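With PDB, C-alpha atoms inside, this is model_19.pdb:
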ATOM      1  CA  MET A  24     -94.020 209.022  85.262
ATOM      2  CA  GLN A  25     -90.694 210.791  85.661
ATOM      3  CA  MET A  26     -88.531 210.061  88.694
ATOM      4  CA  ASP A  27     -87.559 213.249  90.491
ATOM      5  CA  GLU A  28     -83.980 213.886  91.589
ATOM      6  CA  ARG A  29     -84.762 213.546  95.283
ATOM      7  CA  GLN A  30     -86.319 210.126  94.760
ATOM      8  CA  ARG A  31     -83.365 209.041  92.630
ATOM      9  CA  GLU A  32     -80.863 210.118  95.265
ATOM     10  CA  ARG A  33     -82.761 208.202  97.956
ATOM     11  CA  LEU A  34     -82.899 205.017  95.871
ATOM     12  CA  ALA A  35     -79.243 205.375  94.868
ATOM     13  CA  GLN A  36     -78.295 204.645  98.492
ATOM     14  CA  LEU A  37     -79.799 201.159  98.289
ATOM     15  CA  PRO A  38     -77.559 198.253  97.245
ATOM     16  CA  THR A  39     -79.064 196.120  94.483
ATOM     17  CA  GLY A  40     -78.940 193.153  96.863
ATOM     18  CA  ASN A  41     -81.337 194.828  99.303
ATOM     19  CA  VAL A  42     -83.708 195.590  96.441
ATOM     20  CA  ALA A  43     -83.526 192.059  95.011
ATOM     21  CA  ASP A  44     -84.207 190.518  98.433
ATOM     22  CA  ASN A  45     -87.533 192.350  98.542
ATOM     23  CA  ASN A  46     -88.481 191.959  94.880
ATOM     24  CA  GLY A  47     -89.448 188.322  95.246
ATOM     25  CA  LEU A  48     -92.608 188.273  93.133
ATOM     26  CA  ALA A  49     -90.619 189.022  89.988
ATOM     27  CA  PRO A  50     -88.902 186.141  88.170
ATOM     28  CA  ARG A  51     -85.446 185.614  89.691
ATOM     29  CA  GLN A  52     -86.198 188.619  91.916
ATOM     30  CA  GLY A  53     -85.840 190.818  88.846
ATOM     31  CA  VAL A  54     -82.087 190.187  88.698
ATOM     32  CA  MET A  55     -80.530 190.164  85.232
ATOM     33  CA  ASP A  56     -78.028 187.509  84.170
ATOM     34  CA  SER A  57     -74.782 187.739  86.079
ATOM     35  CA  ALA A  58     -72.982 188.348  82.762
ATOM     36  CA  ILE A  59     -74.570 191.826  82.549
ATOM     37  CA  LYS A  60     -71.935 193.890  84.346
ATOM     38  CA  PRO A  61     -70.894 197.558  84.551
ATOM     39  CA  LEU A  62     -67.959 198.958  82.637
ATOM     40  CA  ASP A  63     -67.150 200.922  85.794
ATOM     41  CA  PRO A  64     -67.705 198.891  88.987
ATOM     42  CA  THR A  65     -67.891 202.080  91.078
ATOM     43  CA  CYS A  66     -70.982 203.368  89.263
ATOM     44  CA  HIS A  67     -74.531 203.365  90.592
ATOM     45  CA  MET A  68     -77.555 203.767  88.349
ATOM     46  CA  VAL A  69     -81.280 204.246  88.970
ATOM     47  CA  GLY A  70     -84.021 205.472  86.666
ATOM     48  CA  ARG A  71     -87.083 204.509  84.656
ATOM     49  CA  ALA A  72     -86.718 202.213  81.669
ATOM     50  CA  VAL A  73     -87.001 203.289  78.074
ATOM     51  CA  THR A  74     -86.887 199.950  76.266
ATOM     52  CA  VAL A  75     -85.442 199.094  72.867
ATOM     53  CA  LYS A  76     -85.648 195.888  70.820
ATOM     54  CA  GLY A  77     -82.882 195.812  68.219
ATOM     55  CA  TYR A  78     -81.413 193.433  65.683
ATOM     56  CA  PRO A  79     -78.182 191.677  66.775
ATOM     57  CA  GLY A  80     -75.179 193.166  65.012
ATOM     58  CA  ASP A  81     -77.066 196.336  64.017
ATOM     59  CA  ASN A  82     -77.162 199.480  66.139
ATOM     60  CA  LEU A  83     -79.746 201.628  64.353
ATOM     61  CA  ALA A  84     -82.197 200.769  67.156
ATOM     62  CA  VAL A  85     -79.716 202.137  69.698
ATOM     63  CA  HIS A  86     -79.899 205.539  68.023
ATOM     64  CA  GLN A  87     -83.708 205.319  67.931
ATOM     65  CA  GLY A  88     -83.720 204.647  71.655
ATOM     66  CA  ILE A  89     -81.376 207.516  72.476
ATOM     67  CA  ASN A  90     -83.668 209.874  70.577
ATOM     68  CA  ALA A  91     -86.754 208.572  72.446
ATOM     69  CA  ALA A  92     -85.274 208.735  75.958
ATOM     70  CA  GLY A  93     -84.794 211.807  78.117
ATOM     71  CA  GLU A  94     -83.972 213.249  81.506
ATOM     72  CA  GLY A  95     -83.665 210.613  84.231
ATOM     73  CA  ASP A  96     -84.268 207.616  81.958
ATOM     74  CA  VAL A  97     -82.300 204.372  81.733
ATOM     75  CA  LEU A  98     -82.001 202.991  78.212
ATOM     76  CA  VAL A  99     -82.501 199.196  78.275
ATOM     77  CA  ILE A 100     -81.614 197.498  74.985
ATOM     78  CA  ASP A 101     -82.302 193.921  73.910
ATOM     79  CA  LEU A 102     -79.814 192.859  71.222
ATOM     80  CA  GLY A 103     -80.255 189.151  71.726
ATOM     81  CA  GLY A 104     -77.044 188.795  73.706
ATOM     82  CA  HIS A 105     -74.934 189.388  70.579
ATOM     83  CA  THR A 106     -71.330 190.009  71.647
ATOM     84  CA  GLU A 107     -69.502 190.007  68.303
ATOM     85  CA  GLY A 108     -70.095 193.692  67.561
ATOM     86  CA  GLY A 109     -69.816 196.910  69.551
ATOM     87  CA  HIS A 110     -73.360 198.274  69.363
ATOM     88  CA  PHE A 111     -72.672 201.250  71.660
ATOM     89  CA  GLY A 112     -69.578 203.442  71.956
ATOM     90  CA  ASP A 113     -68.339 206.761  73.240
ATOM     91  CA  ILE A 114     -70.325 208.876  70.746
ATOM     92  CA  CYS A 115     -73.556 207.157  71.792
ATOM     93  CA  ALA A 116     -72.593 207.615  75.441
ATOM     94  CA  LEU A 117     -72.068 211.350  74.999
ATOM     95  CA  ALA A 118     -75.357 211.597  73.100
ATOM     96  CA  CYS A 119     -77.075 209.924  76.053
ATOM     97  CA  GLN A 120     -75.544 212.367  78.511
ATOM     98  CA  MET A 121     -76.631 215.331  76.426
ATOM     99  CA  ARG A 122     -80.230 214.101  76.657
ATOM    100  CA  GLY A 123     -80.050 213.551  80.426
ATOM    101  CA  ILE A 124     -80.108 209.747  80.202
ATOM    102  CA  VAL A 125     -78.688 208.387  83.480
ATOM    103  CA  GLY A 126     -77.660 204.885  82.417
ATOM    104  CA  VAL A 127     -77.660 202.224  79.720
ATOM    105  CA  VAL A 128     -78.136 198.449  79.911
ATOM    106  CA  ILE A 129     -77.324 196.430  76.797
ATOM    107  CA  ASP A 130     -77.854 192.704  76.306
ATOM    108  CA  GLY A 131     -75.015 192.685  73.795
ATOM    109  CA  ALA A 132     -71.510 194.104  73.469
ATOM    110  CA  VAL A 133     -70.190 197.667  73.587
ATOM    111  CA  ARG A 134     -66.876 199.255  72.638
ATOM    112  CA  ASP A 135     -64.809 202.338  73.578
ATOM    113  CA  ALA A 136     -65.112 201.168  77.166
ATOM    114  CA  GLN A 137     -62.376 203.362  78.621
ATOM    115  CA  ASP A 138     -63.780 206.490  76.983
ATOM    116  CA  ILE A 139     -67.252 205.678  78.299
ATOM    117  CA  VAL A 140     -65.910 205.207  81.825
ATOM    118  CA  GLU A 141     -64.140 208.562  81.612
ATOM    119  CA  LEU A 142     -67.402 210.213  80.513
ATOM    120  CA  GLY A 143     -69.007 208.912  83.708
ATOM    121  CA  LEU A 144     -72.129 207.374  82.162
ATOM    122  CA  PRO A 145     -73.104 204.092  83.856
ATOM    123  CA  VAL A 146     -73.173 201.425  81.126
ATOM    124  CA  PHE A 147     -73.898 197.753  81.750
ATOM    125  CA  SER A 148     -73.340 195.169  79.012
ATOM    126  CA  ARG A 149     -72.848 191.480  78.323
ATOM    127  CA  GLY A 150     -69.386 192.021  76.861
ATOM    128  CA  LEU A 151     -66.911 194.133  74.929
ATOM    129  CA  CYS A 152     -66.057 193.969  71.236
ATOM    130  CA  PRO A 153     -64.283 196.515  69.005
ATOM    131  CA  ALA A 154     -66.005 195.289  65.817
ATOM    132  CA  GLY A 155     -68.434 197.618  64.070
ATOM    133  CA  THR A 156     -72.135 197.058  63.415
ATOM    134  CA  THR A 157     -74.550 197.690  60.550
ATOM    135  CA  LYS A 158     -77.289 200.326  60.557
ATOM    136  CA  ASP A 159     -79.923 198.657  58.394
ATOM    137  CA  SER A 160     -82.677 197.343  60.694
ATOM    138  CA  LEU A 161     -85.374 199.347  62.439
ATOM    139  CA  GLY A 162     -85.883 198.587  66.095
ATOM    140  CA  LYS A 163     -88.907 198.866  68.361
ATOM    141  CA  VAL A 164     -88.950 201.428  71.164
ATOM    142  CA  ASN A 165     -90.948 201.347  74.408
ATOM    143  CA  VAL A 166     -92.260 197.819  74.040
ATOM    144  CA  PRO A 167     -91.825 194.950  76.530
ATOM    145  CA  ILE A 168     -88.430 193.307  76.002
ATOM    146  CA  VAL A 169     -86.272 190.636  77.594
ATOM    147  CA  CYS A 170     -82.856 191.887  78.697
ATOM    148  CA  GLY A 171     -80.486 189.701  80.666
ATOM    149  CA  GLY A 172     -83.216 187.096  80.999
ATOM    150  CA  ILE A 173     -85.654 189.514  82.670
ATOM    151  CA  THR A 174     -88.777 191.095  81.202
ATOM    152  CA  VAL A 175     -88.507 194.890  81.213
ATOM    153  CA  ARG A 176     -91.413 197.187  80.412
ATOM    154  CA  PRO A 177     -91.378 200.921  79.754
ATOM    155  CA  GLY A 178     -91.467 202.768  83.076
ATOM    156  CA  ASP A 179     -90.124 199.936  85.227
ATOM    157  CA  VAL A 180     -87.414 201.047  87.655
ATOM    158  CA  VAL A 181     -83.909 199.850  86.775
ATOM    159  CA  LEU A 182     -81.085 199.866  89.324
ATOM    160  CA  GLY A 183     -77.472 198.925  88.776
ATOM    161  CA  ASP A 184     -74.252 198.795  90.781
ATOM    162  CA  CYS A 185     -71.093 196.699  90.928
ATOM    163  CA  ASP A 186     -73.136 193.543  91.581
ATOM    164  CA  GLY A 187     -75.370 193.828  88.511
ATOM    165  CA  VAL A 188     -78.825 195.029  87.476
ATOM    166  CA  VAL A 189     -82.233 194.665  89.139
ATOM    167  CA  VAL A 190     -85.577 195.549  87.556
ATOM    168  CA  VAL A 191     -88.536 196.511  89.768
ATOM    169  CA  PRO A 192     -92.016 196.399  88.187
ATOM    170  CA  ARG A 193     -93.503 199.887  88.208
ATOM    171  CA  GLU A 194     -96.727 198.725  89.896
ATOM    172  CA  ARG A 195     -94.776 197.310  92.880
ATOM    173  CA  GLU A 196     -92.060 199.916  93.290
ATOM    174  CA  ASP A 197     -93.462 201.601  96.424
ATOM    175  CA  GLU A 198     -93.692 198.386  98.460
ATOM    176  CA  VAL A 199     -90.389 197.003  97.162
ATOM    177  CA  PHE A 200     -88.415 200.142  97.923
ATOM    178  CA  ALA A 201     -90.015 200.604 101.350
ATOM    179  CA  ALA A 202     -88.992 197.050 102.287
ATOM    180  CA  ALA A 203     -85.517 197.502 100.778
ATOM    181  CA  GLN A 204     -85.007 200.708 102.762
ATOM    182  CA  ALA A 205     -86.023 198.929 105.974
ATOM    183  CA  LYS A 206     -83.557 196.119 105.270
ATOM    184  CA  PHE A 207     -80.809 198.630 104.542
ATOM    185  CA  GLU A 208     -81.422 200.311 107.912
ATOM    186  CA  HIS A 209     -81.434 196.924 109.695
ATOM    187  CA  GLU A 210     -78.099 196.064 108.136
ATOM    188  CA  VAL A 211     -76.628 199.304 109.464
ATOM    189  CA  GLU A 212     -77.689 198.095 112.912
ATOM    190  CA  TYR A 213     -76.143 194.667 112.246
ATOM    191  CA  VAL A 214     -72.819 196.309 111.415
ATOM    192  CA  GLU A 215     -72.894 198.107 114.748
ATOM    193  CA  GLN A 216     -73.701 194.853 116.575
ATOM    194  CA  LEU A 217     -70.841 193.022 114.860
ATOM    195  CA  ARG A 218     -68.407 195.778 115.777
ATOM    196  CA  ALA A 219     -69.640 195.456 119.360
ATOM    197  CA  GLY A 220     -68.746 191.750 119.418
ATOM    198  CA  ALA A 221     -71.881 189.959 118.228
ATOM    199  CA  ASN A 222     -71.627 186.949 115.905
ATOM    200  CA  THR A 223     -73.752 186.215 112.852
ATOM    201  CA  LEU A 224     -75.136 182.919 114.194
ATOM    202  CA  GLU A 225     -76.773 184.616 117.166
ATOM    203  CA  MET A 226     -77.615 187.823 115.340
ATOM    204  CA  TYR A 227     -79.637 186.079 112.624
ATOM    205  CA  GLY A 228     -80.883 183.239 114.805
ATOM    206  CA  PHE A 229     -78.917 180.702 112.786
ATOM    207  CA  ASP A 230     -77.710 179.019 115.985
ATOM    208  CA  LYS A 231     -81.254 177.746 116.526
ATOM    209  CA  VAL A 232     -81.438 176.556 112.908
ATOM    210  CA  ILE A 233     -78.205 174.590 113.399
ATOM    211  CA  GLU A 234     -79.523 173.049 116.623
ATOM    212  CA  ARG A 235     -82.697 171.964 114.836
ATOM    213  CA  LEU A 236     -80.782 170.475 111.894
ATOM    214  CA  GLN A 237     -78.402 168.626 114.198
ATOM    215  CA  GLY A 238     -81.495 167.185 115.793
TER     216      GLY A 238
END

Output the file's structure in the form of structure tokens.
Amino acid sequence: MQMDERQRERLAQLPTGNVADNNGLAPRQGVMDSAIKPLDPTCHMVGRAVTVKGYPGDNLAVHQGINAAGEGDVLVIDLGGHTEGGHFGDICALACQMRGIVGVVIDGAVRDAQDIVELGLPVFSRGLCPAGTTKDSLGKVNVPIVCGGITVRPGDVVLGDCDGVVVVPREREDEVFAAAQAKFEHEVEYVEQLRAGANTLEMYGFDKVIERLQG
């Protein structure tokens, strides 16, 4: 099921932390390893996963995935965490943009980082490496994979910002995003209370927790 632009814009307002806090049934709240970080910390990404399982040090599967993905998709690529070769570069990034792909997550290394940032495509990876890769091994596309320690299935919702990447199972997305939106709105209220002179102990009820612990 494609994600329409209005839905994407609404979800793009939500910090990944708010989503993770309400995604508790997923392992580790659906949060990928902290090593999976954006090339551009100002980017924000949301879309449905097209998954790719590739061979570490070989980027033929990356090209297979680009060809399989389309408008509004996030390409999520399992390369076994291999960081000694740049599996994805500026040419791949431009190819993604031309197909309407809205983001890429790679459990491996990329290269041409500055060029990718200038293109404006959100790319999240485990590292950077200028070394080349082979193109000899077929990958698997749109199968369940593990990326950043989290299981990702085709059609799951993938969000990314400066803090990292969160994966929301497609069958739970409505309840997770409704709860995340409510938390986001509550936090707007908390900001107003703090600016009016409130303190976090009273605001969250932590003062009572401290009293209980002090016994």

Step by step, work through what the PyMOL selection byres ((chain A and resi 90-107) around 7) selects in the shown file, and finish by giving those residues as a PDB file with C-alpha atoms, keeping the file's coordinate frame.
ATOM      1  CA  MET A  26     -88.531 210.061  88.694  1.00  0.00           C
ATOM      2  CA  GLY A  70     -84.021 205.472  86.666  1.00  0.00           C
ATOM      3  CA  ARG A  71     -87.083 204.509  84.656  1.00  0.00           C
ATOM      4  CA  ALA A  72     -86.718 202.213  81.669  1.00  0.00           C
ATOM      5  CA  VAL A  73     -87.001 203.289  78.074  1.00  0.00           C
ATOM      6  CA  THR A  74     -86.887 199.950  76.266  1.00  0.00           C
ATOM      7  CA  VAL A  75     -85.442 199.094  72.867  1.00  0.00           C
ATOM      8  CA  LYS A  76     -85.648 195.888  70.820  1.00  0.00           C
ATOM      9  CA  GLY A  77     -82.882 195.812  68.219  1.00  0.00           C
ATOM     10  CA  TYR A  78     -81.413 193.433  65.683  1.00  0.00           C
ATOM     11  CA  PRO A  79     -78.182 191.677  66.775  1.00  0.00           C
ATOM     12  CA  GLY A  80     -75.179 193.166  65.012  1.00  0.00           C
ATOM     13  CA  HIS A  86     -79.899 205.539  68.023  1.00  0.00           C
ATOM     14  CA  GLN A  87     -83.708 205.319  67.931  1.00  0.00           C
ATOM     15  CA  GLY A  88     -83.720 204.647  71.655  1.00  0.00           C
ATOM     16  CA  ILE A  89     -81.376 207.516  72.476  1.00  0.00           C
ATOM     17  CA  GLY A 108     -70.095 193.692  67.561  1.00  0.00           C
ATOM     18  CA  ARG A 122     -80.230 214.101  76.657  1.00  0.00           C
ATOM     19  CA  GLY A 123     -80.050 213.551  80.426  1.00  0.00           C
ATOM     20  CA  ILE A 124     -80.108 209.747  80.202  1.00  0.00           C
ATOM     21  CA  VAL A 125     -78.688 208.387  83.480  1.00  0.00           C
ATOM     22  CA  GLY A 126     -77.660 204.885  82.417  1.00  0.00           C
ATOM     23  CA  VAL A 127     -77.660 202.224  79.720  1.00  0.00           C
ATOM     24  CA  VAL A 128     -78.136 198.449  79.911  1.00  0.00           C
ATOM     25  CA  ILE A 129     -77.324 196.430  76.797  1.00  0.00           C
ATOM     26  CA  ASP A 130     -77.854 192.704  76.306  1.00  0.00           C
ATOM     27  CA  GLY A 131     -75.015 192.685  73.795  1.00  0.00           C
ATOM     28  CA  ALA A 132     -71.510 194.104  73.469  1.00  0.00           C
ATOM     29  CA  ARG A 149     -72.848 191.480  78.323  1.00  0.00           C
ATOM     30  CA  GLY A 150     -69.386 192.021  76.861  1.00  0.00           C
ATOM     31  CA  LEU A 151     -66.911 194.133  74.929  1.00  0.00           C
ATOM     32  CA  CYS A 152     -66.057 193.969  71.236  1.00  0.00           C
ATOM     33  CA  ALA A 154     -66.005 195.289  65.817  1.00  0.00           C
ATOM     34  CA  ILE A 168     -88.430 193.307  76.002  1.00  0.00           C
ATOM     35  CA  VAL A 169     -86.272 190.636  77.594  1.00  0.00           C
ATOM     36  CA  CYS A 170     -82.856 191.887  78.697  1.00  0.00           C
ATOM     37  CA  VAL A 181     -83.909 199.850  86.775  1.00  0.00           C
TER      38      VAL A 181
END

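Interatomic distance, CA of Leu34 (chain A) against CA of Cys185 (chain A): 15.3 Å.
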
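Contact shell of Gly112 (chain A) at 7 Å (all atoms listed in the file; same-chain neighbours under 3 positions omitted): Gly109, Cys115, Ala116, Val133, Arg134 and Asp135 of chain A.
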
ask   = For Leu144 (chain A), which residue among A:Glu212, A:Glu194, A:Asp186, A:Asp113 is the nearest when counting all atoms listed in the file?
value =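 Using all atoms listed in the file, Leu144 (chain A) sits closest to A:Asp113.
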
query = CA of Leu224 (chain A) and CA of Asn46 (chain A) are how many Å apart?
reply =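 Atom-to-atom, CA of Leu224 (chain A) to CA of Asn46 (chain A), that is 25.2 Å.
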
Among the residues A:Lys206, A:Val146, A:Gly220, A:Gly53, the one that comes closest to Arg176 (chain A) [using all atoms listed in the file] =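 Closest to Arg176 (chain A), using all atoms listed in the file: A:Gly53.
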
Length of the CA of Asn45 (chain A) to CA of Ala203 (chain A) vector [Å] =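 Interatomic distance, CA of Asn45 (chain A) to CA of Ala203 (chain A): 6.0 Å.
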
message = Measuring between all atoms listed in the file, which one of A:Ala35, A:Val140, A:Val190, A:Asp179 shows the shortest distance to Asn165 (chain A)?
response =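 Closest to Asn165 (chain A), using all atoms listed in the file: A:Asp179.
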
Region 143-172 of chain A dumped to file, N, CA and C atoms, as a PDB file, in the first residue's frame:
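Below is the file that was written, selection.pdb:
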ATOM      1  N   GLY A 143      20.363  15.968  -1.600  1.00  0.00           N
ATOM      2  CA  GLY A 143      19.196  16.096  -0.727  1.00  0.00           C
ATOM      3  C   GLY A 143      18.451  14.808  -0.460  1.00  0.00           C
ATOM      4  N   LEU A 144      19.028  13.665  -0.823  1.00  0.00           N
ATOM      5  CA  LEU A 144      18.384  12.380  -0.535  1.00  0.00           C
ATOM      6  C   LEU A 144      18.785  11.916   0.861  1.00  0.00           C
ATOM      7  N   PRO A 145      17.820  11.670   1.754  1.00  0.00           N
ATOM      8  CA  PRO A 145      18.171  11.141   3.072  1.00  0.00           C
ATOM      9  C   PRO A 145      18.784   9.743   2.953  1.00  0.00           C
ATOM     10  N   VAL A 146      20.018   9.595   3.422  1.00  0.00           N
ATOM     11  CA  VAL A 146      20.707   8.308   3.412  1.00  0.00           C
ATOM     12  C   VAL A 146      21.261   8.048   4.806  1.00  0.00           C
ATOM     13  N   PHE A 147      20.949   6.878   5.328  1.00  0.00           N
ATOM     14  CA  PHE A 147      21.410   6.453   6.647  1.00  0.00           C
ATOM     15  C   PHE A 147      22.300   5.228   6.446  1.00  0.00           C
ATOM     16  N   SER A 148      23.464   5.209   7.104  1.00  0.00           N
ATOM     17  CA  SER A 148      24.374   4.081   6.921  1.00  0.00           C
ATOM     18  C   SER A 148      25.140   3.806   8.208  1.00  0.00           C
ATOM     19  N   ARG A 149      25.847   2.668   8.190  1.00  0.00           N
ATOM     20  CA  ARG A 149      26.673   2.305   9.348  1.00  0.00           C
ATOM     21  C   ARG A 149      28.038   2.984   9.307  1.00  0.00           C
ATOM     22  N   GLY A 150      28.452   3.443   8.117  1.00  0.00           N
ATOM     23  CA  GLY A 150      29.754   4.088   8.028  1.00  0.00           C
ATOM     24  C   GLY A 150      30.034   4.598   6.634  1.00  0.00           C
ATOM     25  N   LEU A 151      31.229   5.138   6.467  1.00  0.00           N
ATOM     26  CA  LEU A 151      31.691   5.667   5.186  1.00  0.00           C
ATOM     27  C   LEU A 151      32.971   4.959   4.792  1.00  0.00           C
ATOM     28  N   CYS A 152      33.119   4.694   3.483  1.00  0.00           N
ATOM     29  CA  CYS A 152      34.346   4.087   2.984  1.00  0.00           C
ATOM     30  C   CYS A 152      34.464   4.371   1.486  1.00  0.00           C
ATOM     31  N   PRO A 153      35.596   4.911   1.035  1.00  0.00           N
ATOM     32  CA  PRO A 153      35.744   5.222  -0.386  1.00  0.00           C
ATOM     33  C   PRO A 153      36.037   4.017  -1.261  1.00  0.00           C
ATOM     34  N   ALA A 154      36.330   2.857  -0.675  1.00  0.00           N
ATOM     35  CA  ALA A 154      36.696   1.678  -1.464  1.00  0.00           C
ATOM     36  C   ALA A 154      35.537   1.217  -2.336  1.00  0.00           C
ATOM     37  N   GLY A 155      35.861   0.644  -3.481  1.00  0.00           N
ATOM     38  CA  GLY A 155      34.850   0.125  -4.389  1.00  0.00           C
ATOM     39  C   GLY A 155      34.314  -1.233  -3.938  1.00  0.00           C
ATOM     40  N   THR A 156      33.333  -1.729  -4.690  1.00  0.00           N
ATOM     41  CA  THR A 156      32.725  -3.025  -4.394  1.00  0.00           C
ATOM     42  C   THR A 156      32.623  -3.834  -5.681  1.00  0.00           C
ATOM     43  N   THR A 157      32.421  -5.141  -5.548  1.00  0.00           N
ATOM     44  CA  THR A 157      32.206  -5.992  -6.711  1.00  0.00           C
ATOM     45  C   THR A 157      30.743  -5.943  -7.125  1.00  0.00           C
ATOM     46  N   LYS A 158      30.441  -6.555  -8.246  1.00  0.00           N
ATOM     47  CA  LYS A 158      29.071  -6.622  -8.768  1.00  0.00           C
ATOM     48  C   LYS A 158      28.828  -8.029  -9.304  1.00  0.00           C
ATOM     49  N   ASP A 159      29.009  -9.011  -8.433  1.00  0.00           N
ATOM     50  CA  ASP A 159      29.001 -10.415  -8.860  1.00  0.00           C
ATOM     51  C   ASP A 159      27.903 -11.265  -8.226  1.00  0.00           C
ATOM     52  N   SER A 160      27.229 -10.748  -7.188  1.00  0.00           N
ATOM     53  CA  SER A 160      26.324 -11.604  -6.406  1.00  0.00           C
ATOM     54  C   SER A 160      24.908 -11.070  -6.441  1.00  0.00           C
ATOM     55  N   LEU A 161      23.975 -11.909  -6.865  1.00  0.00           N
ATOM     56  CA  LEU A 161      22.568 -11.519  -6.875  1.00  0.00           C
ATOM     57  C   LEU A 161      22.055 -11.358  -5.454  1.00  0.00           C
ATOM     58  N   GLY A 162      21.222 -10.343  -5.267  1.00  0.00           N
ATOM     59  CA  GLY A 162      20.580 -10.155  -3.978  1.00  0.00           C
ATOM     60  C   GLY A 162      19.139 -10.637  -4.005  1.00  0.00           C
ATOM     61  N   LYS A 163      18.469 -10.480  -2.885  1.00  0.00           N
ATOM     62  CA  LYS A 163      17.044 -10.804  -2.781  1.00  0.00           C
ATOM     63  C   LYS A 163      16.295  -9.514  -2.450  1.00  0.00           C
ATOM     64  N   VAL A 164      15.195  -9.288  -3.140  1.00  0.00           N
ATOM     65  CA  VAL A 164      14.432  -8.055  -2.995  1.00  0.00           C
ATOM     66  C   VAL A 164      13.047  -8.372  -2.449  1.00  0.00           C
ATOM     67  N   ASN A 165      12.593  -7.502  -1.522  1.00  0.00           N
ATOM     68  CA  ASN A 165      11.282  -7.621  -0.895  1.00  0.00           C
ATOM     69  C   ASN A 165      11.086  -8.953  -0.180  1.00  0.00           C
ATOM     70  N   VAL A 166      12.075  -9.252   0.661  1.00  0.00           N
ATOM     71  CA  VAL A 166      12.021 -10.368   1.597  1.00  0.00           C
ATOM     72  C   VAL A 166      12.294  -9.806   2.986  1.00  0.00           C
ATOM     73  N   PRO A 167      11.882 -10.482   4.052  1.00  0.00           N
ATOM     74  CA  PRO A 167      12.242 -10.005   5.397  1.00  0.00           C
ATOM     75  C   PRO A 167      13.760  -9.983   5.564  1.00  0.00           C
ATOM     76  N   ILE A 168      14.268  -8.904   6.130  1.00  0.00           N
ATOM     77  CA  ILE A 168      15.710  -8.759   6.359  1.00  0.00           C
ATOM     78  C   ILE A 168      15.934  -8.289   7.792  1.00  0.00           C
ATOM     79  N   VAL A 169      17.197  -8.261   8.181  1.00  0.00           N
ATOM     80  CA  VAL A 169      17.586  -7.637   9.450  1.00  0.00           C
ATOM     81  C   VAL A 169      18.533  -6.499   9.102  1.00  0.00           C
ATOM     82  N   CYS A 170      18.157  -5.290   9.472  1.00  0.00           N
ATOM     83  CA  CYS A 170      18.969  -4.106   9.201  1.00  0.00           C
ATOM     84  C   CYS A 170      19.128  -3.333  10.499  1.00  0.00           C
ATOM     85  N   GLY A 171      20.364  -3.087  10.894  1.00  0.00           N
ATOM     86  CA  GLY A 171      20.594  -2.401  12.155  1.00  0.00           C
ATOM     87  C   GLY A 171      20.028  -3.137  13.350  1.00  0.00           C
ATOM     88  N   GLY A 172      20.015  -4.473  13.252  1.00  0.00           N
ATOM     89  CA  GLY A 172      19.528  -5.287  14.366  1.00  0.00           C
ATOM     90  C   GLY A 172      18.024  -5.421  14.453  1.00  0.00           C
TER      91      GLY A 172
END
